Amino acid sequence: MRPRMEIKNMYKTSDLSIAAYLMMKGLVLKNAYREPTGQFMFEFEDPDQKGIALAIEFASSDCAVYDNHVRNLKKILYRN
């Protein structure tokens with residue numbers, strides 16, 4: 001996972017789970033696209049500079065626990 005960046009009242013992340021969490025917390029998705037490398041990027045309007053704090057909050061939330069369970073279940077399904 002690449003580091004997330006803030007750019008002039010914008011918050012940018014390549015992490016799908018964090019992007020979904022930011023939307024749940026009220027940040028407005030302004031752009032979603034695929035980099036030439038194939039990596040997905042999400043850009044949020046972040047006028048109050050809350051993006052970093054919310055991304056950190058995500059790490060200790062039930063949403064992160066749920067996300068890890070989904071990843072583990074995918075590993076089980078795709079291991080064969």
# chains A, B, ... in the order shown; residues from 1 in each chain; ligands from 1
>>> select_by_dssp(residues="range 15-46 of chain A", states="strand (DSSP E)", output="ChimeraX atom specification")
/A:28-34,40-45
>>> write_last_selection(atoms="C-alpha atoms", output="short mmCIF file (atom, residue, chain, number, x, y, z; two decimals), in the first residue's frame")
data_model
loop_
_atom_site.label_atom_id
_atom_site.label_comp_id
_atom_site.auth_asym_id
_atom_site.auth_seq_id
_atom_site.Cartn_x
_atom_site.Cartn_y
_atom_site.Cartn_z
CA VAL A 28 -16.76 13.92 -0.58
CA LEU A 29 -15.16 11.81 -3.30
CA LYS A 30 -14.07 14.17 -6.07
CA ASN A 31 -12.18 11.78 -8.34
CA ALA A 32 -11.42 8.09 -8.74
CA TYR A 33 -9.10 6.82 -11.43
CA ARG A 34 -6.55 4.24 -12.41
CA PHE A 40 -6.46 2.83 -8.27
CA MET A 41 -6.51 6.31 -6.70
CA PHE A 42 -9.24 8.13 -4.80
CA GLU A 43 -9.25 11.90 -4.21
CA PHE A 44 -11.42 13.50 -1.55
CA GLU A 45 -12.37 17.06 -0.77
#
>>> residues_around(residues="Asp48 in chain A", least_positions_apart="2", cutoff="10 Å", atoms="only C-alpha atoms", output="JSON, numbers by chain")
{"A": [9, 10, 27, 45, 46, 50, 51]}
>>> atom_distance(atom1="CA of Tyr78 in chain A", atom2="CA of Met23 in chain A")
28.7 Å
>>> select_by_dssp(residues="chain A", states="alpha helix (DSSP H)", output="ChimeraX atom specification")
/A:16-24,51-59,62-78
>>> closest_residue(among="A:Lys12, A:Lys75, A:Met24, A:Ile18", to="Ala59 in chain A", atoms="only C-alpha atoms")
A:Ile18
>>> residues_around(residues="Ala64 in chain A", least_positions_apart="2", cutoff="12 Å", atoms="only C-alpha atoms", output="VMD selection string")
chain A and resid 15 to 21 55 to 62 66 to 71
>>> write_last_selection(atoms="C-alpha atoms", output="short mmCIF file (atom, residue, chain, number, x, y, z; two decimals), in the first residue's frame")
data_model
loop_
_atom_site.label_atom_id
_atom_site.label_comp_id
_atom_site.auth_asym_id
_atom_site.auth_seq_id
_atom_site.Cartn_x
_atom_site.Cartn_y
_atom_site.Cartn_z
CA ASP A 15 -6.46 2.15 -0.28
CA LEU A 16 -10.01 1.08 -1.17
CA SER A 17 -10.97 0.35 2.45
CA ILE A 18 -9.78 3.72 3.71
CA ALA A 19 -11.56 5.42 0.79
CA ALA A 20 -14.84 3.71 1.76
CA TYR A 21 -14.32 4.71 5.40
CA ALA A 55 -7.26 7.20 8.05
CA ILE A 56 -5.57 6.62 11.42
CA GLU A 57 -8.98 6.20 13.09
CA PHE A 58 -9.83 3.55 10.50
CA ALA A 59 -6.86 1.43 11.60
CA SER A 60 -8.39 0.85 15.03
CA SER A 61 -12.03 0.68 13.96
CA ASP A 62 -14.41 -2.24 13.56
CA TYR A 66 -14.19 -6.43 9.03
CA ASP A 67 -11.85 -5.61 6.13
CA ASN A 68 -9.20 -8.01 7.47
CA HIS A 69 -11.75 -10.81 7.75
CA VAL A 70 -12.83 -10.22 4.13
CA ARG A 71 -9.19 -10.37 3.00
#
